[in-house]
>>> print(open('data.txt').read())   # compact mmCIF, C-alpha atoms
# COMPACT_ATOMS: atom_id res chain seq x y z
CA MET A 1359 96.71 14.46 20.39
CA GLU A 1360 96.34 11.28 18.55
CA SER A 1361 92.89 10.69 17.16
CA ILE A 1362 91.86 7.12 17.34
CA THR A 1363 88.89 5.96 15.23
CA LYS A 1364 87.41 2.67 16.00
CA SER A 1365 85.20 0.76 13.59
CA PHE A 1366 82.41 -1.30 15.03
CA VAL A 1367 81.37 -4.27 12.94
CA PHE A 1368 78.13 -6.28 13.57
CA SER A 1369 78.71 -9.95 13.71
CA GLN A 1370 76.12 -12.34 12.23
CA PRO A 1371 74.77 -13.44 15.66
CA MET A 1372 74.32 -9.80 16.65
CA LEU A 1373 72.37 -9.04 13.47
CA ALA A 1374 70.05 -11.94 14.11
CA THR A 1375 69.42 -10.79 17.67
CA TRP A 1376 68.72 -7.23 16.51
CA ALA A 1377 66.24 -8.38 13.85
CA THR A 1378 64.43 -10.58 16.35
CA CYS A 1379 64.06 -7.65 18.76
CA CYS A 1380 62.59 -5.46 16.00
CA ILE A 1381 60.07 -8.12 15.04
CA LEU A 1382 59.00 -8.68 18.64
CA PHE A 1383 58.66 -4.92 19.17
CA GLY A 1384 56.43 -4.58 16.07
CA VAL A 1385 54.23 -7.48 17.13
CA SER A 1386 53.85 -6.01 20.63
CA ILE A 1387 52.78 -2.63 19.24
CA SER A 1388 50.25 -4.32 16.92
CA LEU A 1389 48.73 -6.40 19.71
CA PHE A 1390 48.50 -3.32 21.91
CA GLY A 1391 46.74 -1.47 19.13
CA VAL A 1392 44.21 -4.28 18.70
CA ASP A 1393 43.59 -4.36 22.44
CA GLN A 1394 42.98 -0.61 22.51
CA GLY A 1395 40.70 -0.69 19.48
CA TRP A 1396 43.15 1.15 17.18
CA ILE A 1397 43.21 -1.66 14.67
CA THR A 1398 40.20 -3.62 13.49
CA PHE A 1399 40.49 -6.75 11.43
CA VAL A 1400 37.37 -7.40 9.29
CA LYS A 1401 36.89 -10.48 7.28
CA ALA A 1402 35.62 -9.59 3.84
CA PRO A 1403 32.43 -11.50 3.11
CA SER A 1404 32.54 -13.92 0.26
CA LYS A 1405 30.53 -13.17 -2.85
CA ASP A 1406 28.16 -16.01 -2.07
CA ASN A 1407 27.56 -14.77 1.48
CA THR A 1408 27.01 -11.21 0.25
CA LYS A 1409 24.42 -12.39 -2.24
CA GLN A 1410 22.74 -14.44 0.47
CA ASP A 1411 22.61 -11.49 2.87
CA ILE A 1412 21.15 -9.21 0.20
CA GLY A 1413 18.67 -11.90 -0.73
CA ASP A 1414 17.58 -12.34 2.87
CA LYS A 1415 17.17 -8.56 3.27
CA ASP A 1416 15.11 -8.28 0.10
CA GLU A 1417 12.95 -11.19 1.17
CA LYS A 1418 12.29 -9.60 4.57
CA GLU A 1419 11.42 -6.24 2.98
CA GLU A 1420 9.16 -7.91 0.45
CA THR A 1421 7.43 -9.90 3.18
CA ALA A 1422 6.80 -6.71 5.12
CA SER A 1423 5.09 -4.94 2.22
CA ARG A 1424 3.97 -7.54 -0.30
CA PRO A 1425 0.44 -7.15 -1.66
CA ASP A 1426 -0.71 -10.61 -0.51
CA GLU A 1427 0.17 -9.89 3.12
CA LYS A 1428 -3.00 -10.51 5.10
CA MET A 1429 -4.15 -10.54 8.70
CA ASP A 1430 -5.45 -13.72 10.26
CA PRO A 1431 -9.04 -14.67 9.29
CA GLU A 1432 -10.50 -13.97 12.74
CA THR A 1433 -9.09 -10.44 12.87
CA TYR A 1434 -10.13 -9.85 9.25
CA LYS A 1435 -13.70 -10.84 10.11
CA LYS A 1436 -13.73 -8.52 13.15
CA PHE A 1437 -12.62 -5.59 10.98
CA THR A 1438 -15.34 -6.37 8.41
CA ASP A 1439 -17.99 -6.69 11.14
CA THR A 1440 -16.90 -3.29 12.48
CA LEU A 1441 -17.49 -1.75 9.04
CA LEU A 1442 -20.91 -3.41 8.84
CA GLN A 1443 -21.81 -2.00 12.26
CA SER A 1444 -21.14 1.59 11.23
CA ASP A 1445 -24.12 3.93 10.96
CA ALA A 1446 -23.64 4.26 7.20
CA ALA A 1447 -23.79 0.49 6.74
CA LYS A 1448 -26.80 0.11 9.04
CA GLU A 1449 -28.62 2.81 7.09
CA CYS A 1450 -28.27 0.72 3.94
CA LEU A 1451 -28.88 -2.67 5.58
CA ASN A 1452 -32.05 -1.41 7.21
CA ASN A 1453 -33.41 -0.27 3.85
CA PRO A 1454 -33.10 -3.38 1.64
CA ASP A 1455 -35.65 -2.09 -0.90
CA GLU A 1456 -33.31 0.78 -1.79
CA TRP A 1457 -29.82 -0.53 -1.01
CA LYS A 1458 -28.04 -3.77 -1.72
CA ARG A 1459 -24.59 -4.94 -0.72
CA VAL A 1460 -22.24 -5.78 -3.59
CA PRO A 1461 -18.61 -6.96 -3.41
CA TYR A 1462 -15.90 -4.36 -3.87
CA PHE A 1463 -13.00 -6.58 -5.00
CA TRP A 1464 -14.97 -9.24 -6.85
CA ASP A 1465 -13.36 -10.10 -10.18
CA GLY A 1466 -14.46 -13.65 -10.73
CA GLY A 1467 -10.93 -14.89 -10.17
CA LYS A 1468 -9.89 -13.73 -13.63
CA ASN A 1469 -7.38 -11.10 -12.57
CA ASP A 1470 -4.22 -11.21 -10.47
CA ARG A 1471 -5.00 -8.84 -7.61
CA SER A 1472 -1.35 -8.64 -6.57
CA LYS A 1473 -0.70 -6.58 -9.72
CA ALA A 1474 -3.53 -4.14 -9.05
CA LEU A 1475 -3.06 -0.95 -7.03
CA VAL A 1476 -6.05 -0.93 -4.69
CA PRO A 1477 -6.91 -4.64 -4.22
CA GLY A 1478 -3.21 -5.51 -4.29
CA THR A 1479 -0.66 -2.91 -3.22
CA LEU A 1480 -2.95 -0.86 -0.97
CA HIS A 1481 -4.81 -3.82 0.54
CA GLY A 1482 -3.43 -5.32 3.74
CA PRO A 1483 -2.68 -4.73 7.42
CA ASP A 1484 -2.28 -1.03 8.30
CA ARG A 1485 -3.31 -0.04 4.76
CA LEU A 1486 -6.80 -0.77 3.47
CA SER A 1487 -7.10 -3.30 6.26
CA VAL A 1488 -9.96 -5.32 4.77
CA GLU A 1489 -12.05 -5.29 1.61
CA PRO A 1490 -14.28 -2.20 1.67
CA VAL A 1491 -17.99 -2.74 2.25
CA MET A 1492 -20.00 -1.38 -0.68
CA PHE A 1493 -23.73 -0.78 -1.21
CA LEU A 1494 -25.52 -0.17 -4.52
CA ASN A 1495 -28.73 1.86 -4.72
CA ARG A 1496 -31.71 0.55 -6.65
CA ASP A 1497 -31.35 3.38 -9.18
CA ARG A 1498 -27.78 2.17 -9.85
CA LYS A 1499 -26.60 5.76 -9.77
CA ARG A 1500 -25.53 5.92 -6.12
CA PHE A 1501 -23.01 3.93 -4.08
CA VAL A 1502 -21.87 3.97 -0.47
CA VAL A 1503 -18.41 2.59 0.32
CA ILE A 1504 -17.16 2.05 3.88
CA LEU A 1505 -13.53 1.22 4.56
CA HIS A 1506 -10.79 1.30 7.17
CA VAL A 1507 -7.58 3.13 6.32
CA GLY A 1508 -4.46 2.22 8.30
CA LYS A 1509 -1.25 3.90 9.44
CA ARG A 1510 0.90 2.94 6.44
CA LEU A 1511 -0.90 5.21 3.96
CA CYS A 1512 0.25 8.52 5.40
CA GLY A 1513 1.96 11.58 4.00
CA HIS A 1514 2.44 13.64 7.14
CA ASP A 1515 2.68 11.46 10.23
CA GLY A 1516 -0.77 10.21 11.17
CA ILE A 1517 -2.51 11.91 8.22
CA VAL A 1518 -3.70 9.96 5.18
CA HIS A 1519 -1.77 10.94 2.06
CA GLY A 1520 -3.70 13.18 -0.34
CA GLY A 1521 -2.69 10.92 -3.21
CA VAL A 1522 -4.29 7.96 -1.46
CA GLN A 1523 -7.52 9.92 -1.12
CA ALA A 1524 -7.39 10.82 -4.82
CA THR A 1525 -6.81 7.17 -5.73
CA LEU A 1526 -9.79 6.08 -3.67
CA PHE A 1527 -11.97 8.80 -5.20
CA ASP A 1528 -10.90 7.62 -8.66
CA GLU A 1529 -11.77 4.02 -7.76
CA ILE A 1530 -15.07 4.75 -6.08
CA THR A 1531 -16.48 7.36 -8.47
CA ALA A 1532 -15.87 4.84 -11.25
CA ARG A 1533 -18.69 2.67 -9.91
CA PRO A 1534 -21.62 4.87 -11.04
CA ALA A 1535 -19.81 5.46 -14.32
CA PHE A 1536 -19.30 1.76 -15.01
CA TRP A 1537 -22.89 0.93 -14.14
CA ASN A 1538 -24.37 3.54 -16.50
CA LEU A 1539 -22.03 4.00 -19.49
CA PRO A 1540 -22.17 1.91 -22.70
CA ARG A 1541 -20.62 -1.54 -22.33
CA ASN A 1542 -20.23 -0.82 -18.59
CA ILE A 1543 -16.64 0.27 -19.07
CA ALA A 1544 -14.87 3.63 -18.79
CA LEU A 1545 -11.59 5.48 -18.45
CA THR A 1546 -10.92 8.48 -16.20
CA ALA A 1547 -10.70 11.74 -18.13
CA THR A 1548 -10.48 14.23 -15.25
CA LEU A 1549 -10.50 14.10 -11.46
CA LYS A 1550 -10.73 17.12 -9.17
CA VAL A 1551 -10.36 16.70 -5.40
CA ASN A 1552 -11.08 19.37 -2.78
CA TYR A 1553 -9.33 18.63 0.52
CA ARG A 1554 -11.43 20.12 3.29
CA ARG A 1555 -9.86 18.69 6.45
CA PRO A 1556 -6.89 16.48 7.32
CA VAL A 1557 -7.93 12.83 7.22
CA LEU A 1558 -6.51 11.00 10.22
CA ALA A 1559 -5.21 7.48 9.68
CA ASP A 1560 -6.44 4.36 11.48
CA GLN A 1561 -10.15 5.13 11.25
CA ILE A 1562 -13.30 4.13 9.36
CA LEU A 1563 -14.16 6.35 6.40
CA VAL A 1564 -17.37 6.65 4.38
CA PHE A 1565 -17.48 7.52 0.67
CA ARG A 1566 -20.79 8.54 -0.91
CA THR A 1567 -20.84 8.84 -4.69
CA GLN A 1568 -23.47 9.37 -7.36
CA LEU A 1569 -23.91 9.93 -11.05
CA ALA A 1570 -24.40 13.67 -11.69
CA ASN A 1571 -24.73 13.70 -15.48
CA LEU A 1572 -24.79 11.20 -18.32
CA ASP A 1573 -24.16 12.37 -21.88
CA GLY A 1574 -23.61 9.60 -24.40
CA ARG A 1575 -20.19 8.11 -23.67
CA LYS A 1576 -19.45 10.66 -20.94
CA ALA A 1577 -20.38 10.41 -17.28
CA THR A 1578 -19.83 13.05 -14.59
CA VAL A 1579 -19.70 11.64 -11.09
CA ILE A 1580 -19.50 13.45 -7.75
CA ALA A 1581 -18.47 12.08 -4.36
CA GLN A 1582 -17.72 13.07 -0.81
CA LEU A 1583 -15.61 11.57 1.95
CA GLU A 1584 -16.86 11.61 5.55
CA ASP A 1585 -15.81 10.28 8.90
CA THR A 1586 -18.21 8.13 10.93
CA LYS A 1587 -19.64 11.27 12.58
CA GLY A 1588 -20.67 12.69 9.20
CA ASN A 1589 -17.99 15.38 9.04
CA LEU A 1590 -17.05 16.28 5.47
CA LEU A 1591 -13.33 15.63 4.92
CA SER A 1592 -13.00 16.02 1.16
CA ASP A 1593 -15.05 15.87 -2.03
CA ALA A 1594 -14.40 15.19 -5.69
CA GLU A 1595 -15.78 15.36 -9.21
CA SER A 1596 -14.76 12.99 -11.99
CA LEU A 1597 -15.37 12.73 -15.69
CA TYR A 1598 -15.37 9.26 -17.25
CA ILE A 1599 -15.48 8.35 -20.91
CA SER A 1600 -16.43 5.02 -22.40
CA PRO A 1601 -13.92 4.36 -25.21
CA SER A 1602 -15.26 4.29 -28.75
CA ASN A 1603 -12.67 1.69 -29.68
CA GLU A 1604 -14.29 -1.50 -28.47
CA LYS A 1605 -11.01 -3.39 -28.79
CA LEU A 1606 -9.35 -1.15 -26.22
CA LEU A 1607 -11.25 -2.50 -23.22
CA PRO A 1608 -13.61 -5.49 -22.87
CA ASP A 1609 -17.36 -5.22 -22.45
CA LEU A 1610 -18.18 -5.66 -18.75
CA SER A 1611 -21.97 -5.87 -19.00
CA SER A 1612 -22.13 -9.51 -17.90
CA HIS A 1613 -19.54 -8.84 -15.21
CA VAL A 1614 -21.66 -6.10 -13.64
CA LYS A 1615 -24.73 -8.37 -13.59
CA THR A 1616 -22.71 -11.11 -11.93
CA ILE A 1617 -21.47 -8.70 -9.24
CA GLU A 1618 -25.04 -7.73 -8.41
CA SER A 1619 -25.96 -11.39 -7.90
CA VAL A 1620 -23.24 -12.25 -5.36
CA TYR A 1621 -25.20 -11.11 -2.29
CA PRO A 1622 -28.96 -11.67 -1.90
CA GLY A 1623 -31.24 -8.66 -2.06
CA ASN A 1624 -34.61 -7.28 -3.12
CA PHE A 1625 -33.39 -6.15 -6.54
>>> encode(input="data.txt", output="structure tokens")
Amino acid sequence: MESITKSFVFSQPMLATWATCCILFGVSISLFGVDQGWITFVKAPSKDNTKQDIGDKDEKEETASRPDEKMDPETYKKFTDTLLQSDAAKECLNNPDEWKRVPYFWDGGKNDRSKALVPGTLHGPDRLSVEPVMFLNRDRKRFVVILHVGKRLCGHDGIVHGGVQATLFDEITARPAFWNLPRNIALTATLKVNYRRPVLADQILVFRTQLANLDGRKATVIAQLEDTKGNLLSDAESLYISPSNEKLLPDLSSHVKTIESVYPGNF
């Protein structure tokens, strides 16, 4: 049997047709994939757009938590009036011969509050909502501080962070120390806090603090934290020392006298 082998040769027109069919087939598969969600084309953002997006995000985050964020004046006043209507405040206001209101944040405009922890970072909506209301006793050894603590100062959900309580104790127990130590200035040496009960957020709290012992440049101060019903939530004891190096911190004697003169009173 004769074997016949035939050679098949592609002509140039046939090659062109074959190539066209392959291209069309590839395009069809690609379009089908896009339609079915197999292939996603993403335009890479330009460097300028990326920087702009990051900048916008940072600006929004900063706006949401910046220290100078404040509520509107009317709401601020309502919060302050609520503090002044508390039983602790009324007790002081109704006894003007023994208690006098003094500003809590007053600094004479000399300091940038936005850089300070309590009047800056912790002060604002859902934090320390308004400036605390503070009363000074005639003996200048006792203070009462009333404040509202919001929902953004929590550790466990709905419970004020223990570190926030410690910070407030440190701030508030410093008042009797400043008023009684040499040059009316001091630094915290020790602070011990006893947490008695969970402190729920979004409520009015009352701090009562007093000088327990004064020994030269050392002052021991005690304090307790209560809710508006008088329930003890936590208590603390602090030791403050007035620095011997007078160049370390400025003398605040005149500052303390100025603070006492801001609100009228019987002493």
>>> residues_around(input="data.txt", residues="His1481 of chain A", least_positions_apart="4", cutoff="12 Å", atoms="only C-alpha atoms", output="JSON, numbers by chain")
{"A": [1423, 1424, 1425, 1426, 1427, 1428, 1429, 1434, 1462, 1463, 1471, 1472, 1473, 1474, 1475, 1476, 1477, 1485, 1486, 1487, 1488, 1489, 1490, 1505, 1506, 1507, 1508, 1510, 1511, 1522, 1526]}
>>> atom_distance(input="data.txt", atom1="atom CA of Leu1545 of chain A", atom2="atom CA of Ala1532 of chain A")
8.4 Å
>>> atom_distance(input="data.txt", atom1="atom CA of Thr1567 of chain A", atom2="atom CA of Asp1609 of chain A")
22.9 Å
>>> closest_residue(input="data.txt", among="A:Met1492, A:Leu1569, A:Leu1583, A:Val1564", to="Tyr1598 of chain A", atoms="only C-alpha atoms")
A:Leu1569
>>> axis_aligned_box(input="data.txt", around="segment 1509-1517 of chain A", padding_each_side="3 Å", output="JSON")
{"center_x": 0.1, "center_y": 8.3, "center_z": 7.6, "size_x": 11.2, "size_y": 16.7, "size_z": 13.2}
>>> atom_distance(input="data.txt", atom1="atom CA of Val1502 of chain A", atom2="atom CA of Thr1525 of chain A")
16.3 Å
>>> residues_around(input="data.txt", residues="Val1557 of chain A", least_positions_apart="2", cutoff="10 Å", atoms="only C-alpha atoms", output="compact mmCIF listing (two decimals) with C-alpha atoms, in the frame of the given file")
# COMPACT_ATOMS: atom_id res chain seq x y z
CA VAL A 1507 -7.58 3.13 6.32
CA CYS A 1512 0.25 8.52 5.40
CA GLY A 1516 -0.77 10.21 11.17
CA ILE A 1517 -2.51 11.91 8.22
CA VAL A 1518 -3.70 9.96 5.18
CA HIS A 1519 -1.77 10.94 2.06
CA GLY A 1520 -3.70 13.18 -0.34
CA GLN A 1523 -7.52 9.92 -1.12
CA TYR A 1553 -9.33 18.63 0.52
CA ARG A 1554 -11.43 20.12 3.29
CA ARG A 1555 -9.86 18.69 6.45
CA ALA A 1559 -5.21 7.48 9.68
CA ASP A 1560 -6.44 4.36 11.48
CA GLN A 1561 -10.15 5.13 11.25
CA LEU A 1563 -14.16 6.35 6.40
CA LEU A 1583 -15.61 11.57 1.95
CA GLU A 1584 -16.86 11.61 5.55
CA ASP A 1585 -15.81 10.28 8.90
CA LEU A 1590 -17.05 16.28 5.47
CA LEU A 1591 -13.33 15.63 4.92
CA SER A 1592 -13.00 16.02 1.16
>>> residues_around(input="data.txt", residues="Glu1618 of chain A", least_positions_apart="2", cutoff="9 Å", atoms="all atoms listed in the file", output="ChimeraX atom specification")
/A:1458-1461,1494,1613-1616,1620-1623,1625
>>> residues_near_point(input="data.txt", point="(-16.9, -6.4, 12.1)", cutoff="12 Å", atoms="only C-alpha atoms", output="short mmCIF file (atom, residue, chain, number, x, y, z; two decimals) with C-alpha atoms, keeping the file's coordinate frame")
data_model
loop_
_atom_site.label_atom_id
_atom_site.label_comp_id
_atom_site.auth_asym_id
_atom_site.auth_seq_id
_atom_site.Cartn_x
_atom_site.Cartn_y
_atom_site.Cartn_z
CA PRO A 1431 -9.04 -14.67 9.29
CA GLU A 1432 -10.50 -13.97 12.74
CA THR A 1433 -9.09 -10.44 12.87
CA TYR A 1434 -10.13 -9.85 9.25
CA LYS A 1435 -13.70 -10.84 10.11
CA LYS A 1436 -13.73 -8.52 13.15
CA PHE A 1437 -12.62 -5.59 10.98
CA THR A 1438 -15.34 -6.37 8.41
CA ASP A 1439 -17.99 -6.69 11.14
CA THR A 1440 -16.90 -3.29 12.48
CA LEU A 1441 -17.49 -1.75 9.04
CA LEU A 1442 -20.91 -3.41 8.84
CA GLN A 1443 -21.81 -2.00 12.26
CA SER A 1444 -21.14 1.59 11.23
CA ALA A 1447 -23.79 0.49 6.74
CA SER A 1487 -7.10 -3.30 6.26
CA VAL A 1488 -9.96 -5.32 4.77
CA GLU A 1489 -12.05 -5.29 1.61
CA PRO A 1490 -14.28 -2.20 1.67
CA VAL A 1491 -17.99 -2.74 2.25
CA ILE A 1504 -17.16 2.05 3.88
CA LEU A 1505 -13.53 1.22 4.56
CA HIS A 1506 -10.79 1.30 7.17
CA ILE A 1562 -13.30 4.13 9.36
#
>>> closest_residue(input="data.txt", among="A:Ala1547, A:Leu1480, A:Leu1597, A:Ala1446", to="Pro1534 of chain A", atoms="only C-alpha atoms")
A:Leu1597
>>> closest_residue(input="data.txt", among="A:Asp1573, A:Asp1455, A:Asp1445, A:Asp1515", to="Ala1535 of chain A", atoms="all atoms listed in the file")
A:Asp1573
>>> decode(input="data.txt", residues="segment 1510-1529 of chain A", atoms="N, CA, C and O atoms", output="mmCIF file, in the first residue's frame")
data_model
loop_
_atom_site.group_PDB
_atom_site.id
_atom_site.type_symbol
_atom_site.label_atom_id
_atom_site.label_comp_id
_atom_site.auth_asym_id
_atom_site.auth_seq_id
_atom_site.Cartn_x
_atom_site.Cartn_y
_atom_site.Cartn_z
ATOM 1 N N ARG A 1510 -16.502 59.199 76.883
ATOM 2 C CA ARG A 1510 -15.263 58.968 76.142
ATOM 3 C C ARG A 1510 -14.050 58.843 77.051
ATOM 4 O O ARG A 1510 -12.911 58.953 76.604
ATOM 5 N N LEU A 1511 -14.300 58.629 78.340
ATOM 6 C CA LEU A 1511 -13.206 58.471 79.306
ATOM 7 C C LEU A 1511 -13.291 57.109 79.996
ATOM 8 O O LEU A 1511 -12.984 56.978 81.167
ATOM 9 N N CYS A 1512 -13.703 56.106 79.234
ATOM 10 C CA CYS A 1512 -13.939 54.781 79.801
ATOM 11 C C CYS A 1512 -12.771 53.827 79.576
ATOM 12 O O CYS A 1512 -11.977 53.998 78.651
ATOM 13 N N GLY A 1513 -12.701 52.833 80.463
ATOM 14 C CA GLY A 1513 -11.830 51.686 80.262
ATOM 15 C C GLY A 1513 -12.728 50.575 79.765
ATOM 16 O O GLY A 1513 -12.879 50.350 78.576
ATOM 17 N N HIS A 1514 -13.408 49.899 80.692
ATOM 18 C CA HIS A 1514 -14.496 49.000 80.319
ATOM 19 C C HIS A 1514 -15.668 49.850 79.839
ATOM 20 O O HIS A 1514 -15.830 51.001 80.253
ATOM 21 N N ASP A 1515 -16.459 49.296 78.964
ATOM 22 C CA ASP A 1515 -17.570 50.026 78.374
ATOM 23 C C ASP A 1515 -18.501 50.577 79.452
ATOM 24 O O ASP A 1515 -19.021 49.831 80.284
ATOM 25 N N GLY A 1516 -18.662 51.891 79.447
ATOM 26 C CA GLY A 1516 -19.575 52.532 80.388
ATOM 27 C C GLY A 1516 -19.009 52.792 81.767
ATOM 28 O O GLY A 1516 -19.699 53.342 82.628
ATOM 29 N N ILE A 1517 -17.739 52.414 81.996
ATOM 30 C CA ILE A 1517 -17.109 52.600 83.309
ATOM 31 C C ILE A 1517 -15.885 53.507 83.156
ATOM 32 O O ILE A 1517 -15.021 53.260 82.315
ATOM 33 N N VAL A 1518 -15.828 54.554 83.953
ATOM 34 C CA VAL A 1518 -14.727 55.516 83.870
ATOM 35 C C VAL A 1518 -13.397 54.813 84.137
ATOM 36 O O VAL A 1518 -13.256 54.043 85.095
ATOM 37 N N HIS A 1519 -12.435 55.086 83.300
ATOM 38 C CA HIS A 1519 -11.107 54.467 83.410
ATOM 39 C C HIS A 1519 -10.461 54.810 84.754
ATOM 40 O O HIS A 1519 -10.526 55.952 85.219
ATOM 41 N N GLY A 1520 -9.833 53.811 85.376
ATOM 42 C CA GLY A 1520 -9.164 54.043 86.656
ATOM 43 C C GLY A 1520 -8.060 55.076 86.552
ATOM 44 O O GLY A 1520 -7.807 55.832 87.498
ATOM 45 N N GLY A 1521 -7.405 55.133 85.397
ATOM 46 C CA GLY A 1521 -6.352 56.125 85.200
ATOM 47 C C GLY A 1521 -6.900 57.541 85.152
ATOM 48 O O GLY A 1521 -6.232 58.495 85.580
ATOM 49 N N VAL A 1522 -8.111 57.689 84.637
ATOM 50 C CA VAL A 1522 -8.752 59.005 84.635
ATOM 51 C C VAL A 1522 -9.061 59.430 86.063
ATOM 52 O O VAL A 1522 -8.839 60.584 86.448
ATOM 53 N N GLN A 1523 -9.564 58.501 86.862
ATOM 54 C CA GLN A 1523 -9.823 58.813 88.266
ATOM 55 C C GLN A 1523 -8.531 59.237 88.975
ATOM 56 O O GLN A 1523 -8.521 60.209 89.736
ATOM 57 N N ALA A 1524 -7.455 58.504 88.728
ATOM 58 C CA ALA A 1524 -6.171 58.829 89.365
ATOM 59 C C ALA A 1524 -5.696 60.217 88.935
ATOM 60 O O ALA A 1524 -5.191 60.996 89.754
ATOM 61 N N THR A 1525 -5.871 60.529 87.649
ATOM 62 C CA THR A 1525 -5.479 61.853 87.152
ATOM 63 C C THR A 1525 -6.270 62.946 87.842
ATOM 64 O O THR A 1525 -5.712 63.980 88.245
ATOM 65 N N LEU A 1526 -7.566 62.736 87.989
ATOM 66 C CA LEU A 1526 -8.399 63.737 88.646
ATOM 67 C C LEU A 1526 -8.046 63.872 90.122
ATOM 68 O O LEU A 1526 -8.017 64.982 90.668
ATOM 69 N N PHE A 1527 -7.761 62.755 90.783
ATOM 70 C CA PHE A 1527 -7.317 62.829 92.179
ATOM 71 C C PHE A 1527 -6.016 63.628 92.278
ATOM 72 O O PHE A 1527 -5.843 64.444 93.191
ATOM 73 N N ASP A 1528 -5.104 63.383 91.358
ATOM 74 C CA ASP A 1528 -3.824 64.105 91.364
ATOM 75 C C ASP A 1528 -4.052 65.606 91.182
ATOM 76 O O ASP A 1528 -3.419 66.434 91.848
ATOM 77 N N GLU A 1529 -4.946 65.948 90.270
ATOM 78 C CA GLU A 1529 -5.261 67.360 90.020
ATOM 79 C C GLU A 1529 -5.922 68.016 91.239
ATOM 80 O O GLU A 1529 -5.554 69.111 91.645
#
